[in-house]
file my_file.txt (compact mmCIF, C-alpha atoms)
# COMPACT_ATOMS: atom_id res chain seq x y z
CA MET P 20 -68.37 -49.57 -23.91
CA ARG P 21 -65.74 -47.94 -21.70
CA ALA P 22 -66.18 -44.30 -20.72
CA VAL P 23 -64.92 -41.68 -18.26
CA THR P 24 -67.63 -40.99 -15.70
CA TRP P 25 -68.17 -38.42 -12.97
CA GLU P 26 -68.51 -40.20 -9.63
CA LYS P 27 -68.45 -37.49 -6.95
CA THR P 28 -66.90 -34.10 -6.28
CA GLY P 29 -63.21 -34.44 -7.12
CA ALA P 30 -63.41 -37.97 -8.56
CA VAL P 31 -63.83 -39.63 -11.95
CA GLU P 32 -63.37 -43.23 -13.02
CA VAL P 33 -63.41 -45.31 -16.19
CA ARG P 34 -66.12 -47.95 -16.30
CA ASP P 35 -68.50 -49.83 -18.54
CA VAL P 36 -71.60 -47.94 -19.69
CA ALA P 37 -74.29 -48.62 -22.27
CA ASP P 38 -73.35 -48.07 -25.91
CA PRO P 39 -75.01 -45.00 -27.46
CA ARG P 40 -77.67 -45.58 -30.09
CA ILE P 41 -79.55 -43.61 -32.69
CA GLU P 42 -82.41 -41.88 -30.86
CA GLU P 43 -83.41 -39.25 -33.41
CA PRO P 44 -83.25 -39.48 -37.21
CA THR P 45 -80.76 -36.59 -37.19
CA ASP P 46 -78.26 -38.49 -34.97
CA ALA P 47 -75.01 -40.19 -35.86
CA ILE P 48 -72.81 -42.58 -33.89
CA ILE P 49 -69.03 -42.25 -34.10
CA ARG P 50 -66.22 -44.50 -32.97
CA VAL P 51 -63.96 -42.18 -31.00
CA THR P 52 -60.31 -42.17 -32.07
CA SER P 53 -59.11 -39.30 -29.85
CA ALA P 54 -60.62 -37.36 -26.95
CA ALA P 55 -58.87 -34.69 -24.91
CA ILE P 56 -59.13 -33.56 -21.30
CA CYS P 57 -59.95 -29.85 -21.21
CA GLY P 58 -59.23 -27.38 -18.42
CA SER P 59 -62.95 -26.70 -18.15
CA ASP P 60 -63.51 -30.42 -17.40
CA LEU P 61 -61.78 -29.72 -14.09
CA HIS P 62 -64.61 -27.34 -13.16
CA LEU P 63 -66.93 -30.35 -13.12
CA LEU P 64 -64.84 -31.84 -10.34
CA SER P 65 -65.23 -28.75 -8.17
CA VAL P 66 -67.43 -25.70 -8.60
CA LEU P 67 -69.91 -27.33 -11.03
CA GLY P 68 -70.04 -30.66 -9.19
CA PRO P 69 -73.52 -29.96 -7.78
CA PHE P 70 -74.89 -30.02 -11.32
CA MET P 71 -73.44 -33.47 -12.09
CA ASP P 72 -74.90 -36.92 -11.45
CA LYS P 73 -72.98 -40.08 -10.66
CA GLY P 74 -72.26 -41.88 -13.92
CA ASP P 75 -72.39 -38.84 -16.21
CA VAL P 76 -70.02 -39.37 -19.15
CA LEU P 77 -67.50 -36.54 -19.51
CA GLY P 78 -65.65 -35.00 -22.43
CA HIS P 79 -66.24 -32.37 -25.10
CA GLU P 80 -63.10 -32.50 -27.27
CA THR P 81 -63.70 -35.44 -29.56
CA MET P 82 -63.09 -36.81 -33.03
CA GLY P 83 -63.57 -40.17 -34.68
CA ILE P 84 -65.07 -42.24 -37.49
CA VAL P 85 -68.77 -42.33 -38.35
CA GLU P 86 -70.22 -45.80 -37.76
CA GLU P 87 -73.95 -45.20 -38.19
CA VAL P 88 -76.24 -42.36 -39.26
CA GLY P 89 -79.92 -41.66 -38.71
CA SER P 90 -82.43 -41.72 -41.55
CA ALA P 91 -82.50 -37.90 -41.86
CA VAL P 92 -78.73 -37.35 -41.97
CA GLN P 93 -77.71 -36.22 -45.46
CA GLY P 94 -74.12 -34.98 -45.21
CA LEU P 95 -72.40 -37.90 -43.51
CA LYS P 96 -71.89 -41.58 -44.16
CA PRO P 97 -70.22 -44.45 -42.34
CA GLY P 98 -66.46 -44.23 -42.67
CA ASP P 99 -66.26 -40.42 -42.64
CA ARG P 100 -63.63 -38.95 -40.34
CA VAL P 101 -65.14 -36.14 -38.27
CA VAL P 102 -64.40 -33.61 -35.53
CA ILE P 103 -67.23 -32.84 -33.10
CA PRO P 104 -67.56 -29.24 -31.82
CA PHE P 105 -68.33 -29.09 -28.12
CA VAL P 106 -71.38 -26.92 -28.89
CA ILE P 107 -74.57 -28.57 -30.15
CA ALA P 108 -76.31 -26.08 -32.46
CA CYS P 109 -79.05 -26.24 -35.07
CA GLY P 110 -77.35 -24.01 -37.66
CA GLU P 111 -80.65 -22.41 -38.67
CA CYS P 112 -82.06 -20.26 -35.85
CA PHE P 113 -81.73 -16.49 -35.31
CA MET P 114 -78.57 -16.91 -33.21
CA CYS P 115 -76.89 -19.51 -35.42
CA GLU P 116 -77.44 -17.37 -38.51
CA ARG P 117 -75.55 -14.59 -36.70
CA GLY P 118 -72.63 -16.83 -35.84
CA LEU P 119 -73.61 -17.21 -32.19
CA GLN P 120 -73.94 -20.98 -32.03
CA THR P 121 -73.38 -21.03 -28.25
CA GLN P 122 -76.65 -19.13 -27.95
CA CYS P 123 -78.57 -21.47 -30.29
CA GLU P 124 -82.28 -20.95 -29.70
CA THR P 125 -83.07 -24.55 -30.59
CA THR P 126 -80.78 -26.22 -28.04
CA GLN P 127 -80.74 -23.41 -25.46
CA ASN P 128 -81.34 -24.58 -21.87
CA ARG P 129 -84.09 -22.18 -20.88
CA ASP P 130 -84.95 -24.09 -17.71
CA GLN P 131 -81.45 -23.37 -16.45
CA GLY P 132 -81.10 -19.90 -17.93
CA THR P 133 -78.06 -20.97 -19.95
CA GLY P 134 -77.04 -21.12 -23.59
CA ALA P 135 -76.73 -23.95 -26.09
CA THR P 136 -76.40 -27.58 -25.05
CA LEU P 137 -72.83 -28.86 -24.68
CA TYR P 138 -71.38 -32.36 -24.67
CA GLY P 139 -70.51 -33.82 -21.28
CA TYR P 140 -71.10 -30.64 -19.32
CA SER P 141 -73.64 -30.98 -16.51
CA GLU P 142 -77.36 -30.39 -16.26
CA LEU P 143 -76.70 -26.67 -16.72
CA TYR P 144 -75.98 -27.46 -20.36
CA GLY P 145 -78.28 -30.33 -21.18
CA SER P 146 -76.82 -33.44 -19.48
CA VAL P 147 -75.71 -34.89 -22.83
CA ALA P 148 -73.18 -37.73 -22.66
CA GLY P 149 -69.67 -36.65 -23.59
CA GLY P 150 -66.96 -38.04 -25.81
CA GLN P 151 -64.34 -39.42 -23.40
CA ALA P 152 -65.60 -42.83 -24.38
CA GLN P 153 -65.29 -45.47 -27.06
CA ARG P 154 -68.36 -44.14 -28.87
CA LEU P 155 -70.38 -40.93 -28.99
CA ARG P 156 -73.90 -40.11 -30.07
CA VAL P 157 -73.67 -36.93 -32.19
CA LEU P 158 -76.84 -34.83 -32.06
CA ARG P 159 -78.01 -32.89 -35.13
CA ALA P 160 -75.13 -34.50 -36.94
CA ASP P 161 -75.36 -32.58 -40.22
CA ALA P 162 -74.79 -29.30 -38.36
CA ASN P 163 -72.41 -30.61 -35.72
CA ALA P 164 -69.89 -32.97 -37.28
CA PHE P 165 -67.04 -31.48 -39.32
CA ARG P 166 -65.70 -33.81 -41.97
CA VAL P 167 -61.90 -33.74 -42.26
CA GLY P 168 -59.26 -35.43 -44.37
CA ASP P 169 -57.70 -38.83 -43.85
CA GLU P 170 -54.02 -38.06 -44.35
CA LEU P 171 -53.02 -35.96 -41.31
CA PRO P 172 -52.77 -37.22 -37.71
CA ASP P 173 -55.58 -36.63 -35.22
CA ASP P 174 -53.64 -33.88 -33.43
CA ARG P 175 -53.96 -31.64 -36.48
CA TYR P 176 -57.75 -31.78 -36.27
CA LEU P 177 -58.78 -32.74 -32.73
CA PHE P 178 -58.40 -29.25 -31.28
CA LEU P 179 -60.90 -27.83 -33.78
CA SER P 180 -63.47 -29.27 -31.36
CA ASP P 181 -62.82 -26.55 -28.77
CA ILE P 182 -59.50 -25.05 -27.74
CA LEU P 183 -58.20 -23.92 -31.13
CA PRO P 184 -61.33 -21.95 -32.11
CA THR P 185 -61.63 -20.78 -28.49
CA ALA P 186 -58.14 -19.30 -28.77
CA TRP P 187 -58.93 -17.86 -32.21
CA GLN P 188 -62.09 -16.20 -30.90
CA GLY P 189 -60.14 -14.84 -27.94
CA VAL P 190 -57.69 -13.14 -30.30
CA GLN P 191 -60.46 -11.82 -32.55
CA TYR P 192 -62.38 -10.47 -29.56
CA ALA P 193 -59.20 -8.76 -28.31
CA ASN P 194 -59.46 -6.26 -31.19
CA ILE P 195 -55.69 -5.81 -31.40
CA PRO P 196 -54.70 -2.96 -33.76
CA ASP P 197 -52.36 -3.62 -36.69
CA GLY P 198 -48.85 -3.98 -35.32
CA GLY P 199 -50.21 -3.93 -31.78
CA SER P 200 -49.47 -5.94 -28.67
CA VAL P 201 -51.28 -8.46 -26.50
CA ALA P 202 -50.57 -10.14 -23.18
CA VAL P 203 -51.88 -13.68 -22.77
CA LEU P 204 -52.51 -14.62 -19.15
CA GLY P 205 -52.21 -18.37 -18.69
CA LEU P 206 -50.22 -20.63 -21.01
CA GLY P 207 -52.33 -23.73 -20.72
CA PRO P 208 -53.70 -25.20 -23.96
CA VAL P 209 -55.92 -22.22 -24.87
CA GLY P 210 -53.21 -19.74 -23.90
CA GLN P 211 -50.64 -21.63 -25.95
CA PHE P 212 -52.81 -21.44 -29.06
CA ALA P 213 -53.88 -17.84 -28.43
CA SER P 214 -50.23 -16.81 -28.18
CA ARG P 215 -49.31 -18.64 -31.38
CA ILE P 216 -52.31 -17.28 -33.28
CA ALA P 217 -51.55 -13.71 -32.21
CA ARG P 218 -47.93 -14.07 -33.23
CA HIS P 219 -48.95 -15.66 -36.56
CA LEU P 220 -51.19 -12.64 -37.21
CA GLY P 221 -48.26 -10.29 -36.65
CA TYR P 222 -48.82 -8.99 -33.12
CA GLU P 223 -46.29 -8.57 -30.32
CA VAL P 224 -47.13 -11.22 -27.74
CA PHE P 225 -46.31 -11.47 -24.04
CA GLY P 226 -47.15 -14.78 -22.34
CA VAL P 227 -47.59 -15.02 -18.56
CA ASP P 228 -47.67 -18.20 -16.49
CA LEU P 229 -46.51 -19.64 -13.18
CA VAL P 230 -45.41 -22.99 -14.64
CA PRO P 231 -41.91 -23.23 -16.19
CA GLU P 232 -42.86 -26.02 -18.63
CA ARG P 233 -45.68 -23.92 -20.04
CA ARG P 234 -43.41 -20.93 -20.51
CA ALA P 235 -40.82 -23.14 -22.19
CA MET P 236 -43.39 -24.51 -24.65
CA ALA P 237 -44.52 -20.99 -25.57
CA GLU P 238 -40.94 -19.87 -26.04
CA ARG P 239 -40.42 -22.67 -28.59
CA HIS P 240 -42.98 -20.81 -30.70
CA GLY P 241 -41.32 -17.41 -30.42
CA ILE P 242 -43.38 -16.06 -27.51
CA GLU P 243 -41.72 -13.75 -24.99
CA THR P 244 -42.75 -15.07 -21.59
CA PHE P 245 -42.92 -13.74 -18.04
CA GLU P 246 -43.21 -15.54 -14.75
CA LEU P 247 -46.24 -14.45 -12.76
CA ASP P 248 -45.07 -12.40 -9.78
CA ASP P 249 -45.39 -8.92 -8.32
CA ALA P 250 -43.11 -7.48 -11.01
CA THR P 251 -44.96 -8.91 -14.04
CA ALA P 252 -47.16 -5.91 -14.83
CA ALA P 253 -44.27 -3.46 -14.52
CA ALA P 254 -42.05 -5.60 -16.76
CA ILE P 255 -44.66 -5.76 -19.52
CA ARG P 256 -45.41 -2.04 -19.26
CA GLN P 257 -41.72 -1.39 -19.71
CA ARG P 258 -41.92 -3.32 -23.00
CA THR P 259 -44.92 -1.22 -24.13
CA ARG P 260 -43.70 2.35 -23.57
CA GLY P 261 -45.16 2.42 -20.11
CA ARG P 262 -48.77 2.09 -21.31
CA GLY P 263 -49.43 -1.62 -21.12
CA PRO P 264 -50.43 -3.85 -24.06
CA ASP P 265 -53.26 -2.93 -26.42
CA ALA P 266 -55.16 -6.02 -25.29
CA VAL P 267 -55.08 -8.73 -22.66
CA ILE P 268 -56.46 -12.24 -23.18
CA ASP P 269 -57.42 -14.01 -19.96
CA ALA P 270 -56.96 -17.70 -20.76
CA VAL P 271 -57.17 -18.74 -17.10
CA GLY P 272 -60.69 -18.20 -15.78
CA LEU P 273 -62.10 -19.29 -12.46
CA GLU P 274 -59.28 -21.75 -11.69
CA ALA P 275 -56.84 -18.87 -11.21
CA HIS P 276 -54.45 -18.91 -8.29
CA GLY P 277 -55.13 -16.29 -5.66
CA ASN P 278 -58.08 -15.54 -3.35
CA PRO P 279 -57.95 -18.67 -1.19
CA MET P 280 -61.30 -17.77 0.38
CA ALA P 281 -63.05 -17.97 -3.00
CA GLY P 282 -61.28 -21.23 -3.73
CA PHE P 283 -62.36 -22.64 -0.37
CA ALA P 284 -65.94 -21.50 -0.98
CA GLN P 285 -65.98 -23.26 -4.37
CA PHE P 286 -64.66 -26.47 -2.83
CA THR P 287 -66.99 -26.54 0.14
CA THR P 288 -70.04 -25.69 -1.98
CA GLY P 289 -69.28 -28.81 -4.01
CA LEU P 290 -69.55 -30.92 -0.86
CA LEU P 291 -73.05 -29.74 0.06
CA PRO P 292 -76.25 -31.59 -0.95
CA ASP P 293 -76.97 -30.83 -4.60
CA ARG P 294 -80.17 -28.86 -4.06
CA VAL P 295 -78.47 -26.54 -1.56
CA ALA P 296 -75.25 -26.29 -3.55
CA GLN P 297 -77.06 -25.48 -6.79
CA LYS P 298 -78.96 -22.67 -5.08
CA LEU P 299 -75.74 -21.21 -3.67
CA ALA P 300 -73.90 -21.54 -6.98
CA LYS P 301 -76.69 -19.67 -8.79
CA THR P 302 -77.07 -16.88 -6.24
CA VAL P 303 -73.86 -16.24 -4.31
CA GLY P 304 -71.19 -18.14 -6.26
CA VAL P 305 -67.86 -16.34 -6.65
CA ASP P 306 -64.76 -16.91 -8.75
CA ARG P 307 -61.09 -16.50 -8.05
CA LEU P 308 -60.50 -13.31 -10.03
CA ALA P 309 -56.72 -12.96 -9.87
CA ALA P 310 -56.30 -13.28 -13.64
CA VAL P 311 -59.05 -10.89 -14.69
CA MET P 312 -57.94 -8.35 -12.09
CA LEU P 313 -54.39 -8.50 -13.43
CA GLY P 314 -55.78 -8.02 -16.94
CA ILE P 315 -57.74 -4.92 -15.91
CA ASP P 316 -54.65 -3.47 -14.27
CA LEU P 317 -52.26 -4.39 -17.09
CA VAL P 318 -54.13 -3.44 -20.28
CA ARG P 319 -53.51 0.07 -21.57
CA ARG P 320 -56.15 2.77 -21.29
CA GLY P 321 -58.68 2.39 -24.08
CA GLY P 322 -57.66 -1.23 -24.55
CA THR P 323 -59.60 -4.49 -24.68
CA LEU P 324 -59.83 -7.35 -22.19
CA SER P 325 -60.84 -10.61 -23.88
CA LEU P 326 -61.99 -13.45 -21.62
CA SER P 327 -61.46 -16.96 -22.96
CA GLY P 328 -61.14 -18.64 -19.57
CA VAL P 329 -64.44 -19.89 -18.15
CA TYR P 330 -66.08 -18.04 -15.27
CA GLY P 331 -69.05 -19.31 -13.32
CA GLY P 332 -69.66 -16.82 -10.52
CA VAL P 333 -72.80 -14.74 -10.20
CA ALA P 334 -71.63 -12.39 -7.44
CA ASP P 335 -68.12 -11.51 -8.59
CA PRO P 336 -66.94 -8.09 -7.37
CA MET P 337 -65.52 -6.08 -10.27
CA PRO P 338 -63.60 -2.76 -10.13
CA MET P 339 -66.12 -0.85 -12.19
CA MET P 340 -64.60 2.55 -11.38
CA THR P 341 -61.22 1.46 -12.76
CA MET P 342 -62.78 -0.15 -15.84
CA PHE P 343 -64.83 2.95 -16.55
CA ASP P 344 -61.95 5.32 -15.87
CA LYS P 345 -59.62 3.37 -18.18
CA GLN P 346 -62.34 3.23 -20.86
CA LEU P 347 -61.91 -0.51 -21.31
CA THR P 348 -63.76 -2.81 -23.69
CA LEU P 349 -64.64 -6.24 -22.26
CA ARG P 350 -65.54 -9.16 -24.54
CA MET P 351 -66.22 -12.72 -23.51
CA GLY P 352 -68.24 -15.85 -24.07
CA GLN P 353 -68.26 -19.54 -24.89
CA CYS P 354 -66.65 -20.15 -28.25
CA ASN P 355 -68.84 -20.18 -31.36
CA VAL P 356 -66.80 -23.04 -32.80
CA HIS P 357 -68.70 -23.37 -36.07
CA SER P 358 -68.07 -19.72 -37.00
CA TRP P 359 -64.28 -20.00 -37.01
CA ARG P 360 -63.77 -23.35 -38.75
CA ASP P 361 -63.23 -21.94 -42.25
CA ASP P 362 -60.67 -19.44 -40.96
CA ILE P 363 -58.65 -22.03 -39.05
CA LEU P 364 -58.84 -25.16 -41.22
CA PRO P 365 -56.31 -23.96 -43.84
CA LEU P 366 -53.78 -23.34 -41.06
CA VAL P 367 -54.46 -26.74 -39.52
CA GLU P 368 -53.87 -28.44 -42.88
CA ASP P 369 -50.85 -26.31 -43.84
CA PRO P 370 -47.85 -28.69 -44.16
CA THR P 371 -45.75 -26.30 -42.04
CA ASP P 372 -48.24 -26.50 -39.13
CA PRO P 373 -47.93 -22.77 -38.34
CA LEU P 374 -49.98 -23.01 -35.15
CA GLY P 375 -48.00 -25.96 -33.82
CA THR P 376 -50.96 -28.30 -33.42
CA GLU P 377 -48.53 -31.21 -33.22
CA ASP P 378 -46.60 -29.52 -30.37
CA LEU P 379 -49.18 -29.33 -27.61
CA VAL P 380 -49.90 -32.84 -26.32
CA THR P 381 -47.63 -33.80 -23.46
CA HIS P 382 -49.47 -36.96 -22.36
CA ARG P 383 -51.12 -39.49 -24.66
CA VAL P 384 -52.65 -42.45 -22.81
CA PRO P 385 -55.25 -45.20 -23.16
CA LEU P 386 -58.77 -44.28 -22.11
CA ASP P 387 -58.51 -46.57 -19.07
CA ASP P 388 -55.78 -44.32 -17.61
CA ALA P 389 -58.02 -41.23 -17.64
CA ALA P 390 -58.63 -40.96 -13.88
CA GLU P 391 -54.90 -40.84 -13.15
CA LEU P 392 -54.32 -38.25 -15.86
CA TYR P 393 -57.18 -36.06 -14.64
CA ALA P 394 -55.25 -35.76 -11.37
CA THR P 395 -51.93 -35.15 -13.14
CA PHE P 396 -53.48 -32.41 -15.29
CA ARG P 397 -55.30 -30.79 -12.36
CA ASP P 398 -52.15 -30.69 -10.24
CA LYS P 399 -49.90 -29.56 -13.12
CA GLU P 400 -47.55 -32.46 -12.42
CA ASP P 401 -45.08 -34.19 -14.72
CA GLY P 402 -44.99 -31.18 -17.08
CA CYS P 403 -48.61 -31.90 -18.05
CA ILE P 404 -50.06 -29.34 -20.47
CA LYS P 405 -52.45 -31.36 -22.65
CA VAL P 406 -53.79 -34.89 -22.32
CA VAL P 407 -55.22 -36.94 -25.17
CA LEU P 408 -57.10 -40.15 -24.44
CA GLN P 409 -57.16 -42.94 -27.00
CA PRO P 410 -60.01 -45.45 -26.63
call {"tool": "encode", "arguments": {"input": "my_file.txt", "output": "structure tokens"}}
result
Amino acid sequence: MRAVTWEKTGAVEVRDVADPRIEEPTDAIIRVTSAAICGSDLHLLSVLGPFMDKGDVLGHETMGIVEEVGSAVQGLKPGDRVVIPFVIACGECFMCERGLQTQCETTQNRDQGTGATLYGYSELYGSVAGGQAQRLRVLRADANAFRVGDELPDDRYLFLSDILPTAWQGVQYANIPDGGSVAVLGLGPVGQFASRIARHLGYEVFGVDLVPERRAMAERHGIETFELDDATAAAIRQRTRGRGPDAVIDAVGLEAHGNPMAGFAQFTTGLLPDRVAQKLAKTVGVDRLAAVMLGIDLVRRGGTLSLSGVYGGVADPMPMMTMFDKQLTLRMGQCNVHSWRDDILPLVEDPTDPLGTEDLVTHRVPLDDAAELYATFRDKEDGCIKVVLQP
């Protein structure tokens, strides 16, 4: 089959790989109908490159049609249309029972000191083949394949795999009071959905981004937007009685602009031999913290900073005095996709599409064009906000 593979730091290609097969009785095989490129996939091309091997299949936003099921699978059959959460969880352990599927004790990567296994996301998270391919092996299929209807287009359902529940969790973690306000930093795919969700729930929303096309998309959904510059914080404070918003959602993460030294360190670490680079990443790795620093400065005293953007540093300097003095709450973490499905699915299937799931994709291309679109998405060219690959 054809699949998107990691080749070296900064490079992917589409090539022939072996078809997946049933390896455990709890597995299923799906024919992929849509797979998206996620902002966190870009981390695999840079800061997380040392944890990748040539030929690793990428992708963790996937849906398709069940072709085959293992002998122990009870809830699925060939022909079912399914969405695959990026998190592989057992659904039965201490953590899963508490809605923390990203900490699943059955698939946790204890040798790496990380949480649950993820599709297509390096040896840190299990080295499981991803879904930017013609077919995908779904592990623990009964717990990790969401059956969906046949009538609506893929775009209504595809984002249940990651970015829609990630945005939902970001809003829930923000703990916005009734009638309150939230600033969303970064209007990429997660930021777009977080803004729309917050507005749908009745909050005042301020969206911040450098890219005009992203601001324009958010404005189509009733979001007041601000260009990121030295006056941004003051402008939003002026809209919130001088205090700042009740909450800030950081939907940017380690790819933030700013701190060129940190960016250079990430890039050069990725060029070192894997054993050396892995050691550095796990002991002295740093992130570009422009977004989280803006969030700490912007949020009102007593407010909440919710991190949805991915961070990977282990030696990030944080302004603890300011955070303590402002009495801030900080919440973060990989999204527990399974926990939010029942909340989001009715909105996804609502005929009015209140979250605008059909107004996010800017580029829809055949799987074989993936390498070109990775570069377009990374460089924010051609108005690229969200890419969907169609095998």
call {"tool": "atom_distance", "arguments": {"input": "my_file.txt", "atom1": "atom CA of P:Arg218", "atom2": "atom CA of P:Arg117"}}
result
27.8 Å
call {"tool": "residues_near_point", "arguments": {"input": "my_file.txt", "point": "(-63.0, 3.1, -22.7)", "cutoff": "9 Å", "atoms": "only C-alpha atoms", "output": "PyMOL selection string"}}
result
chain P and resi 320-323+342-348
call {"tool": "closest_residue", "arguments": {"input": "my_file.txt", "among": "P:Gly328, P:Gly261, P:Gly150, P:Pro370", "to": "P:Ala213", "atoms": "all atoms listed in the file"}}
result
P:Gly328
call {"tool": "atom_distance", "arguments": {"input": "my_file.txt", "atom1": "atom CA of P:Gly189", "atom2": "atom CA of P:Cys112"}}
result
23.9 Å
call {"tool": "closest_atom_pairs", "arguments": {"input": "my_file.txt", "of": "stretch 136-245 of chain P", "to": "stretch 24-29 of chain P", "cutoff": "12 Å", "atoms": "only C-alpha atoms", "output": "JSON lines"}}
result
{"residue": "P:Gly139", "atom": "CA", "partner": "P:Thr24", "partner_atom": "CA", "distance": 9.5}
{"residue": "P:Tyr140", "atom": "CA", "partner": "P:Trp25", "partner_atom": "CA", "distance": 10.5}
{"residue": "P:Ser141", "atom": "CA", "partner": "P:Trp25", "partner_atom": "CA", "distance": 9.9}
{"residue": "P:Ser146", "atom": "CA", "partner": "P:Trp25", "partner_atom": "CA", "distance": 11.9}
{"residue": "P:Ala148", "atom": "CA", "partner": "P:Thr24", "partner_atom": "CA", "distance": 9.5}
{"residue": "P:Gly149", "atom": "CA", "partner": "P:Thr24", "partner_atom": "CA", "distance": 9.2}
{"residue": "P:Gly150", "atom": "CA", "partner": "P:Thr24", "partner_atom": "CA", "distance": 10.6}
{"residue": "P:Gln151", "atom": "CA", "partner": "P:Thr24", "partner_atom": "CA", "distance": 8.5}
{"residue": "P:Ala152", "atom": "CA", "partner": "P:Thr24", "partner_atom": "CA", "distance": 9.1}
call {"tool": "atom_distance", "arguments": {"input": "my_file.txt", "atom1": "atom CA of P:Thr133", "atom2": "atom CA of P:Val106"}}
result
12.6 Å
call {"tool": "residues_around", "arguments": {"input": "my_file.txt", "residues": "P:Phe396", "least_positions_apart": "6", "cutoff": "10 Å", "atoms": "all atoms listed in the file", "output": "list of chain:residue names"}}
result
P:Ile56, P:Cys57, P:Gly58, P:Leu61, P:His382, P:Gly402, P:Cys403, P:Ile404, P:Lys405, P:Val406
call {"tool": "residues_around", "arguments": {"input": "my_file.txt", "residues": "P:Ala202", "least_positions_apart": "2", "cutoff": "9 Å", "atoms": "all atoms listed in the file", "output": "PyMOL selection string"}}
result
chain P and resi 200+204+214+223-227+255+263-269+314+317-318
call {"tool": "residues_near_point", "arguments": {"input": "my_file.txt", "point": "(-61.6, -26.8, -41.3)", "cutoff": "9 Å", "atoms": "all atoms listed in the file", "output": "ChimeraX atom specification"}}
result
/P:165-167,176,179,359-368
call {"tool": "build_atoms", "arguments": {"input": "my_file.txt", "residues": "stretch 93-107 of chain P", "atoms": "N, CA and C atoms", "output": "PDB file, in the frame of the given file"}}
result
ATOM      1  N   GLN P  93     -77.986 -36.294 -44.020  1.00  0.00           N
ATOM      2  CA  GLN P  93     -77.710 -36.220 -45.460  1.00  0.00           C
ATOM      3  C   GLN P  93     -76.236 -35.999 -45.790  1.00  0.00           C
ATOM      4  N   GLY P  94     -75.481 -35.377 -44.874  1.00  0.00           N
ATOM      5  CA  GLY P  94     -74.120 -34.980 -45.210  1.00  0.00           C
ATOM      6  C   GLY P  94     -73.028 -35.889 -44.715  1.00  0.00           C
ATOM      7  N   LEU P  95     -73.385 -36.981 -44.062  1.00  0.00           N
ATOM      8  CA  LEU P  95     -72.400 -37.900 -43.510  1.00  0.00           C
ATOM      9  C   LEU P  95     -72.729 -39.327 -43.895  1.00  0.00           C
ATOM     10  N   LYS P  96     -71.697 -40.154 -43.898  1.00  0.00           N
ATOM     11  CA  LYS P  96     -71.890 -41.580 -44.160  1.00  0.00           C
ATOM     12  C   LYS P  96     -70.895 -42.367 -43.322  1.00  0.00           C
ATOM     13  N   PRO P  97     -71.167 -43.629 -43.074  1.00  0.00           N
ATOM     14  CA  PRO P  97     -70.220 -44.450 -42.340  1.00  0.00           C
ATOM     15  C   PRO P  97     -68.838 -44.423 -43.006  1.00  0.00           C
ATOM     16  N   GLY P  98     -67.823 -44.309 -42.169  1.00  0.00           N
ATOM     17  CA  GLY P  98     -66.460 -44.230 -42.670  1.00  0.00           C
ATOM     18  C   GLY P  98     -65.887 -42.829 -42.713  1.00  0.00           C
ATOM     19  N   ASP P  99     -66.747 -41.793 -42.650  1.00  0.00           N
ATOM     20  CA  ASP P  99     -66.260 -40.420 -42.640  1.00  0.00           C
ATOM     21  C   ASP P  99     -65.484 -40.134 -41.349  1.00  0.00           C
ATOM     22  N   ARG P 100     -64.404 -39.400 -41.499  1.00  0.00           N
ATOM     23  CA  ARG P 100     -63.630 -38.950 -40.340  1.00  0.00           C
ATOM     24  C   ARG P 100     -64.122 -37.565 -39.956  1.00  0.00           C
ATOM     25  N   VAL P 101     -64.472 -37.383 -38.677  1.00  0.00           N
ATOM     26  CA  VAL P 101     -65.140 -36.140 -38.270  1.00  0.00           C
ATOM     27  C   VAL P 101     -64.569 -35.617 -36.953  1.00  0.00           C
ATOM     28  N   VAL P 102     -64.653 -34.299 -36.798  1.00  0.00           N
ATOM     29  CA  VAL P 102     -64.400 -33.610 -35.530  1.00  0.00           C
ATOM     30  C   VAL P 102     -65.752 -33.112 -35.014  1.00  0.00           C
ATOM     31  N   ILE P 103     -65.938 -33.212 -33.694  1.00  0.00           N
ATOM     32  CA  ILE P 103     -67.230 -32.840 -33.100  1.00  0.00           C
ATOM     33  C   ILE P 103     -67.054 -31.583 -32.253  1.00  0.00           C
ATOM     34  N   PRO P 104     -67.604 -30.441 -32.663  1.00  0.00           N
ATOM     35  CA  PRO P 104     -67.560 -29.240 -31.820  1.00  0.00           C
ATOM     36  C   PRO P 104     -68.238 -29.510 -30.479  1.00  0.00           C
ATOM     37  N   PHE P 105     -67.729 -28.871 -29.433  1.00  0.00           N
ATOM     38  CA  PHE P 105     -68.330 -29.090 -28.120  1.00  0.00           C
ATOM     39  C   PHE P 105     -69.724 -28.497 -28.019  1.00  0.00           C
ATOM     40  N   VAL P 106     -70.076 -27.575 -28.894  1.00  0.00           N
ATOM     41  CA  VAL P 106     -71.380 -26.920 -28.890  1.00  0.00           C
ATOM     42  C   VAL P 106     -72.338 -27.680 -29.803  1.00  0.00           C
ATOM     43  N   ILE P 107     -73.539 -27.932 -29.330  1.00  0.00           N
ATOM     44  CA  ILE P 107     -74.570 -28.570 -30.150  1.00  0.00           C
ATOM     45  C   ILE P 107     -75.527 -27.470 -30.617  1.00  0.00           C
TER      46      ILE P 107
END
